[in-house]
Amino acid sequence: MDFSQLTAQDRHETGSWLHLPHPATGLPLYLAEGNTITTEETDKPCEVLVRGNRSTQVKACTDARARAEELHGMKLMRSSDRDQAGLLAQNAKAREIHRRELLVATVAEWRNIVIKEGEAPAKCTAENVLAALAHPAFMVAIFNRSADEGALFTSAPTG
């Protein structure tokens with residue numbers, strides 16, 4: 001066995017399925033008849049395929065943010081006291097944009113996700129990911145799964 005060849009990179013690219021939890025209760029979400037979301041168990045769990053945080057897409061996103069933070073720090077050091085408030089506001093906005101970009105990079109696919117209850121399950125597109133999963137509780141669950149290397153080797157039923 002060659003230990004230098006034991007990496008999880010392929011698993012980071014493939015990702016693992018995360019059964020989305022209800023934001024308030026933490027109970028797993030399901031798609032029920034009439035395309036409504038419920039915590040009552042059905043045969044249609046609401047799941048997202050989460051890439052690992054070392055996948056190509058996720059790493060590119062986090063590396064870009066790290067570079068932006070470095071540039072921000074340099075600008076802040078060279079700025080006057082008067083300009084610092086504006087720079088801090090710009091960076092806060094850039095961080096929010098990054099969180100949204102990171103969410104899109106991390107979600108590879110999904111099953112049984114509806115944008116509006118009663119509608120058919122939506123396709124997993126960048127726009128739909130932001131519409132359906134931008135809730136902070138979903139983002140935390142997704143980012144935690146992305147960072148959990150052990151979860152990459154098993155698709156746990158819940159988050």
# chains A, B, ... in the order shown; residues from 1 in each chain; ligands from 1
call {"tool": "residues_around", "arguments": {"residues": "Ala131 in chain A", "least_positions_apart": "6", "cutoff": "10 Å", "atoms": "only C-alpha atoms", "output": "list in words"}}
result
Val114, Ile115, Lys116 and Thr125 of chain A
call {"tool": "residues_around", "arguments": {"residues": "Asn128 in chain A", "least_positions_apart": "3", "cutoff": "12 Å", "atoms": "only C-alpha atoms", "output": "number ranges by chain"}}
result
A: 100, 103-104, 107, 109-110, 113-116, 121-125, 131-134
call {"tool": "atom_distance", "arguments": {"atom1": "CA of Ala24 in chain A", "atom2": "CA of Glu47 in chain A"}}
result
17.1 Å
call {"tool": "residues_around", "arguments": {"residues": "Val48 in chain A", "least_positions_apart": "6", "cutoff": "12 Å", "atoms": "only C-alpha atoms", "output": "JSON, numbers by chain"}}
result
{"A": [15, 16, 17, 18, 19, 20, 21, 29, 103, 104, 106, 107, 108, 109, 110, 111, 112, 113, 123, 124, 129, 132, 133, 138, 139, 141, 142, 143, 145, 146, 155, 156, 157, 158, 159]}
call {"tool": "select_by_dssp", "arguments": {"residues": "chain A", "states": "strand (DSSP E or B)", "output": "list in words"}}
result
Ser16, Trp17, Leu18, His19, Pro21, Pro28, Tyr30, Leu31, Ala32, Thr36, Ile37, Thr38, Pro45, Glu47, Val48, Leu49, Val50, Val107, Ala108, Glu109, Trp110 and Arg111 of chain A
call {"tool": "write_last_selection", "arguments": {"atoms": "N, CA and C atoms", "output": "mmCIF file, in the first residue's frame"}}
result
data_model
loop_
_atom_site.group_PDB
_atom_site.id
_atom_site.type_symbol
_atom_site.label_atom_id
_atom_site.label_comp_id
_atom_site.auth_asym_id
_atom_site.auth_seq_id
_atom_site.Cartn_x
_atom_site.Cartn_y
_atom_site.Cartn_z
ATOM 1 N N SER A 16 -21.102 14.201 -1.173
ATOM 2 C CA SER A 16 -21.982 13.269 -0.476
ATOM 3 C C SER A 16 -23.355 13.916 -0.315
ATOM 4 N N TRP A 17 -24.356 13.066 -0.194
ATOM 5 C CA TRP A 17 -25.730 13.545 -0.086
ATOM 6 C C TRP A 17 -26.020 13.983 1.346
ATOM 7 N N LEU A 18 -26.678 15.110 1.466
ATOM 8 C CA LEU A 18 -27.112 15.656 2.749
ATOM 9 C C LEU A 18 -28.627 15.771 2.744
ATOM 10 N N HIS A 19 -29.271 15.128 3.705
ATOM 11 C CA HIS A 19 -30.715 15.242 3.873
ATOM 12 C C HIS A 19 -30.953 16.553 4.618
ATOM 13 N N PRO A 21 -32.143 19.505 6.840
ATOM 14 C CA PRO A 21 -32.913 19.585 8.083
ATOM 15 C C PRO A 21 -33.839 20.801 8.064
ATOM 16 N N PRO A 28 -35.529 16.046 9.502
ATOM 17 C CA PRO A 28 -35.316 15.920 8.056
ATOM 18 C C PRO A 28 -36.549 16.362 7.269
ATOM 19 N N TYR A 30 -38.950 16.387 3.801
ATOM 20 C CA TYR A 30 -39.409 15.488 2.738
ATOM 21 C C TYR A 30 -40.349 16.241 1.827
ATOM 22 N N LEU A 31 -40.468 15.744 0.613
ATOM 23 C CA LEU A 31 -41.448 16.263 -0.332
ATOM 24 C C LEU A 31 -42.685 15.375 -0.229
ATOM 25 N N ALA A 32 -43.828 16.005 0.049
ATOM 26 C CA ALA A 32 -45.079 15.266 0.215
ATOM 27 C C ALA A 32 -45.938 15.426 -1.035
ATOM 28 N N THR A 36 -45.526 19.664 -1.440
ATOM 29 C CA THR A 36 -45.353 20.484 -0.246
ATOM 30 C C THR A 36 -44.217 19.889 0.573
ATOM 31 N N ILE A 37 -43.592 20.719 1.377
ATOM 32 C CA ILE A 37 -42.476 20.290 2.209
ATOM 33 C C ILE A 37 -43.012 19.905 3.587
ATOM 34 N N THR A 38 -42.526 18.787 4.104
ATOM 35 C CA THR A 38 -42.991 18.288 5.394
ATOM 36 C C THR A 38 -41.844 17.629 6.145
ATOM 37 N N PRO A 45 -37.012 12.223 0.151
ATOM 38 C CA PRO A 45 -36.263 13.130 1.020
ATOM 39 C C PRO A 45 -35.730 14.332 0.225
ATOM 40 N N GLU A 47 -32.868 16.396 -0.525
ATOM 41 C CA GLU A 47 -31.437 16.176 -0.373
ATOM 42 C C GLU A 47 -30.628 17.025 -1.343
ATOM 43 N N VAL A 48 -29.418 17.373 -0.904
ATOM 44 C CA VAL A 48 -28.481 18.066 -1.784
ATOM 45 C C VAL A 48 -27.177 17.275 -1.810
ATOM 46 N N LEU A 49 -26.560 17.232 -2.982
ATOM 47 C CA LEU A 49 -25.248 16.614 -3.145
ATOM 48 C C LEU A 49 -24.219 17.706 -2.888
ATOM 49 N N VAL A 50 -23.478 17.544 -1.800
ATOM 50 C CA VAL A 50 -22.543 18.572 -1.334
ATOM 51 C C VAL A 50 -21.120 18.171 -1.691
ATOM 52 N N VAL A 107 -22.945 23.142 -3.828
ATOM 53 C CA VAL A 107 -24.088 22.281 -4.165
ATOM 54 C C VAL A 107 -23.927 21.782 -5.605
ATOM 55 N N ALA A 108 -23.744 20.479 -5.750
ATOM 56 C CA ALA A 108 -23.536 19.884 -7.071
ATOM 57 C C ALA A 108 -24.845 19.452 -7.729
ATOM 58 N N GLU A 109 -25.788 18.991 -6.913
ATOM 59 C CA GLU A 109 -27.063 18.454 -7.432
ATOM 60 C C GLU A 109 -28.039 18.435 -6.268
ATOM 61 N N TRP A 110 -29.314 18.156 -6.577
ATOM 62 C CA TRP A 110 -30.294 17.982 -5.510
ATOM 63 C C TRP A 110 -31.425 17.094 -5.965
ATOM 64 N N ARG A 111 -32.203 16.656 -4.968
ATOM 65 C CA ARG A 111 -33.378 15.821 -5.233
ATOM 66 C C ARG A 111 -34.534 16.355 -4.391
#
call {"tool": "closest_residue", "arguments": {"among": "A:His72, A:His22, A:Glu119, A:Met77", "to": "Ala89 in chain A", "atoms": "only C-alpha atoms"}}
result
A:His72
call {"tool": "atom_distance", "arguments": {"atom1": "CA of Asn53 in chain A", "atom2": "CA of His12 in chain A"}}
result
6.6 Å
call {"tool": "select_by_dssp", "arguments": {"residues": "range 1-101 of chain A", "states": "alpha helix (DSSP H)", "output": "PyMOL selection string"}}
result
chain A and resi 9-14+56-78+81-101
call {"tool": "residues_around", "arguments": {"residues": "Asn35 in chain A", "least_positions_apart": "6", "cutoff": "7 Å", "atoms": "only C-alpha atoms", "output": "list in words"}}
result
Glu117, Gly118, Glu119 and Ala120 of chain A
call {"tool": "residues_around", "arguments": {"residues": "Leu88 in chain A", "least_positions_apart": "2", "cutoff": "12 Å", "atoms": "only C-alpha atoms", "output": "VMD selection string"}}
result
chain A and resid 69 72 to 73 75 to 77 79 81 to 86 90 to 95
call {"tool": "write_last_selection", "arguments": {"atoms": "N, CA, C and O atoms", "output": "mmCIF file, in the first residue's frame"}}
result
data_model
loop_
_atom_site.group_PDB
_atom_site.id
_atom_site.type_symbol
_atom_site.label_atom_id
_atom_site.label_comp_id
_atom_site.auth_asym_id
_atom_site.auth_seq_id
_atom_site.Cartn_x
_atom_site.Cartn_y
_atom_site.Cartn_z
ATOM 1 N N GLU A 69 -9.455 39.140 0.570
ATOM 2 C CA GLU A 69 -9.206 39.564 1.952
ATOM 3 C C GLU A 69 -7.812 40.168 2.094
ATOM 4 O O GLU A 69 -7.630 41.166 2.800
ATOM 5 N N HIS A 72 -7.933 43.569 0.546
ATOM 6 C CA HIS A 72 -8.688 44.448 1.421
ATOM 7 C C HIS A 72 -7.811 44.918 2.589
ATOM 8 O O HIS A 72 -7.801 46.096 2.936
ATOM 9 N N GLY A 73 -7.060 43.994 3.178
ATOM 10 C CA GLY A 73 -6.177 44.348 4.283
ATOM 11 C C GLY A 73 -5.124 45.367 3.875
ATOM 12 O O GLY A 73 -4.835 46.308 4.618
ATOM 13 N N LYS A 75 -5.370 47.532 1.342
ATOM 14 C CA LYS A 75 -6.058 48.812 1.109
ATOM 15 C C LYS A 75 -6.381 49.498 2.434
ATOM 16 O O LYS A 75 -6.242 50.715 2.560
ATOM 17 N N LEU A 76 -6.801 48.729 3.389
ATOM 18 C CA LEU A 76 -7.172 49.273 4.692
ATOM 19 C C LEU A 76 -5.953 49.899 5.382
ATOM 20 O O LEU A 76 -6.066 50.979 5.982
ATOM 21 N N MET A 77 -4.804 49.244 5.278
ATOM 22 C CA MET A 77 -3.592 49.784 5.906
ATOM 23 C C MET A 77 -3.149 51.086 5.258
ATOM 24 O O MET A 77 -2.625 51.970 5.932
ATOM 25 N N SER A 79 -5.186 53.238 3.730
ATOM 26 C CA SER A 79 -6.272 54.218 3.654
ATOM 27 C C SER A 79 -6.234 55.187 4.831
ATOM 28 O O SER A 79 -5.662 54.910 5.879
ATOM 29 N N ASP A 81 -8.270 57.391 7.779
ATOM 30 C CA ASP A 81 -9.364 57.064 8.702
ATOM 31 C C ASP A 81 -10.714 57.335 8.048
ATOM 32 O O ASP A 81 -11.678 56.615 8.263
ATOM 33 N N ARG A 82 -10.773 58.375 7.271
ATOM 34 C CA ARG A 82 -12.023 58.773 6.614
ATOM 35 C C ARG A 82 -12.485 57.716 5.601
ATOM 36 O O ARG A 82 -13.678 57.469 5.445
ATOM 37 N N ASP A 83 -11.562 57.063 4.923
ATOM 38 C CA ASP A 83 -11.910 56.076 3.888
ATOM 39 C C ASP A 83 -12.167 54.670 4.441
ATOM 40 O O ASP A 83 -12.736 53.833 3.757
ATOM 41 N N GLN A 84 -11.755 54.414 5.679
ATOM 42 C CA GLN A 84 -11.854 53.068 6.217
ATOM 43 C C GLN A 84 -13.288 52.570 6.352
ATOM 44 O O GLN A 84 -13.568 51.407 6.084
ATOM 45 N N ALA A 85 -14.202 53.435 6.737
ATOM 46 C CA ALA A 85 -15.601 53.008 6.885
ATOM 47 C C ALA A 85 -16.159 52.520 5.548
ATOM 48 O O ALA A 85 -16.854 51.492 5.496
ATOM 49 N N GLY A 86 -15.847 53.224 4.478
ATOM 50 C CA GLY A 86 -16.305 52.811 3.153
ATOM 51 C C GLY A 86 -15.696 51.484 2.728
ATOM 52 O O GLY A 86 -16.381 50.631 2.163
ATOM 53 N N GLN A 90 -17.637 47.965 1.915
ATOM 54 C CA GLN A 90 -17.417 47.244 0.653
ATOM 55 C C GLN A 90 -17.032 45.793 0.924
ATOM 56 O O GLN A 90 -17.497 44.873 0.247
ATOM 57 N N ASN A 91 -16.169 45.576 1.905
ATOM 58 C CA ASN A 91 -15.727 44.223 2.216
ATOM 59 C C ASN A 91 -16.861 43.391 2.787
ATOM 60 O O ASN A 91 -16.969 42.197 2.493
ATOM 61 N N ALA A 92 -17.718 43.990 3.590
ATOM 62 C CA ALA A 92 -18.867 43.254 4.125
ATOM 63 C C ALA A 92 -19.784 42.800 2.993
ATOM 64 O O ALA A 92 -20.272 41.662 2.990
ATOM 65 N N LYS A 93 -19.991 43.677 2.018
ATOM 66 C CA LYS A 93 -20.818 43.309 0.861
ATOM 67 C C LYS A 93 -20.138 42.207 0.050
ATOM 68 O O LYS A 93 -20.788 41.256 -0.387
ATOM 69 N N ALA A 94 -18.829 42.302 -0.114
ATOM 70 C CA ALA A 94 -18.079 41.282 -0.859
ATOM 71 C C ALA A 94 -18.136 39.933 -0.145
ATOM 72 O O ALA A 94 -18.223 38.885 -0.791
ATOM 73 N N ARG A 95 -18.114 39.935 1.176
ATOM 74 C CA ARG A 95 -18.222 38.679 1.927
ATOM 75 C C ARG A 95 -19.579 38.023 1.716
ATOM 76 O O ARG A 95 -19.666 36.801 1.606
#
call {"tool": "decode", "arguments": {"residues": "range 31-47 of chain A", "atoms": "all heavy atoms", "output": "PDB file, in the first residue's frame"}}
result
ATOM      1  N   LEU A  31     -40.468  15.744   0.613  1.00  0.00           N
ATOM      2  CA  LEU A  31     -41.448  16.263  -0.332  1.00  0.00           C
ATOM      3  C   LEU A  31     -42.685  15.375  -0.229  1.00  0.00           C
ATOM      4  O   LEU A  31     -42.599  14.158  -0.367  1.00  0.00           O
ATOM      5  CB  LEU A  31     -40.884  16.236  -1.753  1.00  0.00           C
ATOM      6  CG  LEU A  31     -41.708  16.920  -2.825  1.00  0.00           C
ATOM      7  CD1 LEU A  31     -41.829  18.418  -2.543  1.00  0.00           C
ATOM      8  CD2 LEU A  31     -41.070  16.708  -4.193  1.00  0.00           C
ATOM      9  N   ALA A  32     -43.828  16.005   0.049  1.00  0.00           N
ATOM     10  CA  ALA A  32     -45.079  15.266   0.215  1.00  0.00           C
ATOM     11  C   ALA A  32     -45.938  15.426  -1.035  1.00  0.00           C
ATOM     12  O   ALA A  32     -45.584  16.154  -1.964  1.00  0.00           O
ATOM     13  CB  ALA A  32     -45.825  15.791   1.444  1.00  0.00           C
ATOM     14  N   GLU A  33     -47.080  14.741  -1.032  1.00  0.00           N
ATOM     15  CA  GLU A  33     -48.025  14.879  -2.140  1.00  0.00           C
ATOM     16  C   GLU A  33     -48.378  16.344  -2.309  1.00  0.00           C
ATOM     17  O   GLU A  33     -48.455  17.099  -1.341  1.00  0.00           O
ATOM     18  CB  GLU A  33     -49.288  14.061  -1.869  1.00  0.00           C
ATOM     19  CG  GLU A  33     -49.068  12.573  -2.015  1.00  0.00           C
ATOM     20  CD  GLU A  33     -50.365  11.802  -1.906  1.00  0.00           C
ATOM     21  OE1 GLU A  33     -51.406  12.307  -2.357  1.00  0.00           O
ATOM     22  OE2 GLU A  33     -50.323  10.696  -1.358  1.00  0.00           O
ATOM     23  N   GLY A  34     -48.615  16.734  -3.541  1.00  0.00           N
ATOM     24  CA  GLY A  34     -48.925  18.130  -3.833  1.00  0.00           C
ATOM     25  C   GLY A  34     -47.690  19.011  -3.816  1.00  0.00           C
ATOM     26  O   GLY A  34     -47.779  20.230  -3.839  1.00  0.00           O
ATOM     27  N   ASN A  35     -46.509  18.373  -3.770  1.00  0.00           N
ATOM     28  CA  ASN A  35     -45.234  19.085  -3.760  1.00  0.00           C
ATOM     29  C   ASN A  35     -45.137  20.100  -2.632  1.00  0.00           C
ATOM     30  O   ASN A  35     -44.734  21.245  -2.823  1.00  0.00           O
ATOM     31  CB  ASN A  35     -44.947  19.730  -5.117  1.00  0.00           C
ATOM     32  CG  ASN A  35     -44.682  18.680  -6.165  1.00  0.00           C
ATOM     33  OD1 ASN A  35     -44.177  17.599  -5.861  1.00  0.00           O
ATOM     34  ND2 ASN A  35     -45.034  18.962  -7.401  1.00  0.00           N
ATOM     35  N   THR A  36     -45.526  19.664  -1.440  1.00  0.00           N
ATOM     36  CA  THR A  36     -45.353  20.484  -0.246  1.00  0.00           C
ATOM     37  C   THR A  36     -44.217  19.889   0.573  1.00  0.00           C
ATOM     38  O   THR A  36     -43.919  18.697   0.486  1.00  0.00           O
ATOM     39  CB  THR A  36     -46.638  20.534   0.607  1.00  0.00           C
ATOM     40  OG1 THR A  36     -46.986  19.209   1.004  1.00  0.00           O
ATOM     41  CG2 THR A  36     -47.788  21.165  -0.166  1.00  0.00           C
ATOM     42  N   ILE A  37     -43.592  20.719   1.377  1.00  0.00           N
ATOM     43  CA  ILE A  37     -42.476  20.290   2.209  1.00  0.00           C
ATOM     44  C   ILE A  37     -43.012  19.905   3.587  1.00  0.00           C
ATOM     45  O   ILE A  37     -43.829  20.618   4.164  1.00  0.00           O
ATOM     46  CB  ILE A  37     -41.428  21.418   2.342  1.00  0.00           C
ATOM     47  CG1 ILE A  37     -40.938  21.860   0.969  1.00  0.00           C
ATOM     48  CG2 ILE A  37     -40.270  20.987   3.219  1.00  0.00           C
ATOM     49  CD1 ILE A  37     -40.251  20.783   0.168  1.00  0.00           C
ATOM     50  N   THR A  38     -42.526  18.787   4.104  1.00  0.00           N
ATOM     51  CA  THR A  38     -42.991  18.288   5.394  1.00  0.00           C
ATOM     52  C   THR A  38     -41.844  17.629   6.145  1.00  0.00           C
ATOM     53  O   THR A  38     -40.813  17.303   5.539  1.00  0.00           O
ATOM     54  CB  THR A  38     -44.143  17.269   5.199  1.00  0.00           C
ATOM     55  OG1 THR A  38     -44.630  16.858   6.463  1.00  0.00           O
ATOM     56  CG2 THR A  38     -43.705  16.070   4.393  1.00  0.00           C
ATOM     57  N   THR A  39     -42.052  17.438   7.433  1.00  0.00           N
ATOM     58  CA  THR A  39     -41.104  16.641   8.215  1.00  0.00           C
ATOM     59  C   THR A  39     -41.645  15.227   8.438  1.00  0.00           C
ATOM     60  O   THR A  39     -40.986  14.403   9.044  1.00  0.00           O
ATOM     61  CB  THR A  39     -40.811  17.305   9.583  1.00  0.00           C
ATOM     62  OG1 THR A  39     -42.036  17.513  10.265  1.00  0.00           O
ATOM     63  CG2 THR A  39     -40.061  18.615   9.400  1.00  0.00           C
ATOM     64  N   GLU A  40     -42.860  14.975   7.919  1.00  0.00           N
ATOM     65  CA  GLU A  40     -43.428  13.620   7.952  1.00  0.00           C
ATOM     66  C   GLU A  40     -42.697  12.791   6.895  1.00  0.00           C
ATOM     67  O   GLU A  40     -42.566  13.214   5.748  1.00  0.00           O
ATOM     68  CB  GLU A  40     -44.925  13.661   7.640  1.00  0.00           C
ATOM     69  CG  GLU A  40     -45.741  14.504   8.595  1.00  0.00           C
ATOM     70  CD  GLU A  40     -45.839  13.893   9.978  1.00  0.00           C
ATOM     71  OE1 GLU A  40     -45.961  12.657  10.062  1.00  0.00           O
ATOM     72  OE2 GLU A  40     -45.775  14.653  10.957  1.00  0.00           O
ATOM     73  N   GLU A  41     -42.253  11.614   7.273  1.00  0.00           N
ATOM     74  CA  GLU A  41     -41.441  10.811   6.366  1.00  0.00           C
ATOM     75  C   GLU A  41     -42.229  10.353   5.141  1.00  0.00           C
ATOM     76  O   GLU A  41     -43.334   9.829   5.255  1.00  0.00           O
ATOM     77  CB  GLU A  41     -40.880   9.599   7.103  1.00  0.00           C
ATOM     78  CG  GLU A  41     -39.861   8.855   6.276  1.00  0.00           C
ATOM     79  CD  GLU A  41     -39.143   7.779   7.064  1.00  0.00           C
ATOM     80  OE1 GLU A  41     -39.166   7.822   8.301  1.00  0.00           O
ATOM     81  OE2 GLU A  41     -38.567   6.889   6.412  1.00  0.00           O
ATOM     82  N   THR A  42     -41.655  10.596   3.974  1.00  0.00           N
ATOM     83  CA  THR A  42     -42.170  10.083   2.702  1.00  0.00           C
ATOM     84  C   THR A  42     -41.002   9.406   1.992  1.00  0.00           C
ATOM     85  O   THR A  42     -39.882   9.379   2.507  1.00  0.00           O
ATOM     86  CB  THR A  42     -42.729  11.220   1.805  1.00  0.00           C
ATOM     87  OG1 THR A  42     -41.634  11.998   1.298  1.00  0.00           O
ATOM     88  CG2 THR A  42     -43.704  12.111   2.557  1.00  0.00           C
ATOM     89  N   ASP A  43     -41.248   8.898   0.799  1.00  0.00           N
ATOM     90  CA  ASP A  43     -40.164   8.260   0.045  1.00  0.00           C
ATOM     91  C   ASP A  43     -39.394   9.285  -0.795  1.00  0.00           C
ATOM     92  O   ASP A  43     -38.618   8.909  -1.661  1.00  0.00           O
ATOM     93  CB  ASP A  43     -40.702   7.132  -0.823  1.00  0.00           C
ATOM     94  CG  ASP A  43     -41.699   7.615  -1.860  1.00  0.00           C
ATOM     95  OD1 ASP A  43     -42.164   8.767  -1.761  1.00  0.00           O
ATOM     96  OD2 ASP A  43     -42.021   6.839  -2.772  1.00  0.00           O
ATOM     97  N   LYS A  44     -39.594  10.589  -0.526  1.00  0.00           N
ATOM     98  CA  LYS A  44     -38.913  11.636  -1.280  1.00  0.00           C
ATOM     99  C   LYS A  44     -38.190  12.603  -0.333  1.00  0.00           C
ATOM    100  O   LYS A  44     -38.665  13.700  -0.046  1.00  0.00           O
ATOM    101  CB  LYS A  44     -39.918  12.408  -2.131  1.00  0.00           C
ATOM    102  CG  LYS A  44     -40.561  11.570  -3.211  1.00  0.00           C
ATOM    103  CD  LYS A  44     -41.514  12.401  -4.027  1.00  0.00           C
ATOM    104  CE  LYS A  44     -42.129  11.582  -5.135  1.00  0.00           C
ATOM    105  NZ  LYS A  44     -43.048  12.373  -5.950  1.00  0.00           N
ATOM    106  N   PRO A  45     -37.012  12.223   0.151  1.00  0.00           N
ATOM    107  CA  PRO A  45     -36.263  13.130   1.020  1.00  0.00           C
ATOM    108  C   PRO A  45     -35.730  14.332   0.225  1.00  0.00           C
ATOM    109  O   PRO A  45     -35.358  14.200  -0.942  1.00  0.00           O
ATOM    110  CB  PRO A  45     -35.115  12.261   1.538  1.00  0.00           C
ATOM    111  CG  PRO A  45     -34.974  11.172   0.538  1.00  0.00           C
ATOM    112  CD  PRO A  45     -36.338  10.954  -0.052  1.00  0.00           C
ATOM    113  N   CYS A  46     -35.713  15.483   0.868  1.00  0.00           N
ATOM    114  CA  CYS A  46     -35.144  16.696   0.266  1.00  0.00           C
ATOM    115  C   CYS A  46     -33.637  16.645   0.527  1.00  0.00           C
ATOM    116  O   CYS A  46     -33.199  16.811   1.668  1.00  0.00           O
ATOM    117  CB  CYS A  46     -35.760  17.944   0.884  1.00  0.00           C
ATOM    118  SG  CYS A  46     -37.531  18.086   0.629  1.00  0.00           S
ATOM    119  N   GLU A  47     -32.868  16.396  -0.525  1.00  0.00           N
ATOM    120  CA  GLU A  47     -31.437  16.176  -0.373  1.00  0.00           C
ATOM    121  C   GLU A  47     -30.628  17.025  -1.343  1.00  0.00           C
ATOM    122  O   GLU A  47     -31.086  17.324  -2.442  1.00  0.00           O
ATOM    123  CB  GLU A  47     -31.096  14.709  -0.640  1.00  0.00           C
ATOM    124  CG  GLU A  47     -31.745  13.731   0.310  1.00  0.00           C
ATOM    125  CD  GLU A  47     -31.441  12.306  -0.049  1.00  0.00           C
ATOM    126  OE1 GLU A  47     -31.685  11.903  -1.214  1.00  0.00           O
ATOM    127  OE2 GLU A  47     -30.949  11.584   0.832  1.00  0.00           O
TER     128      GLU A  47
END
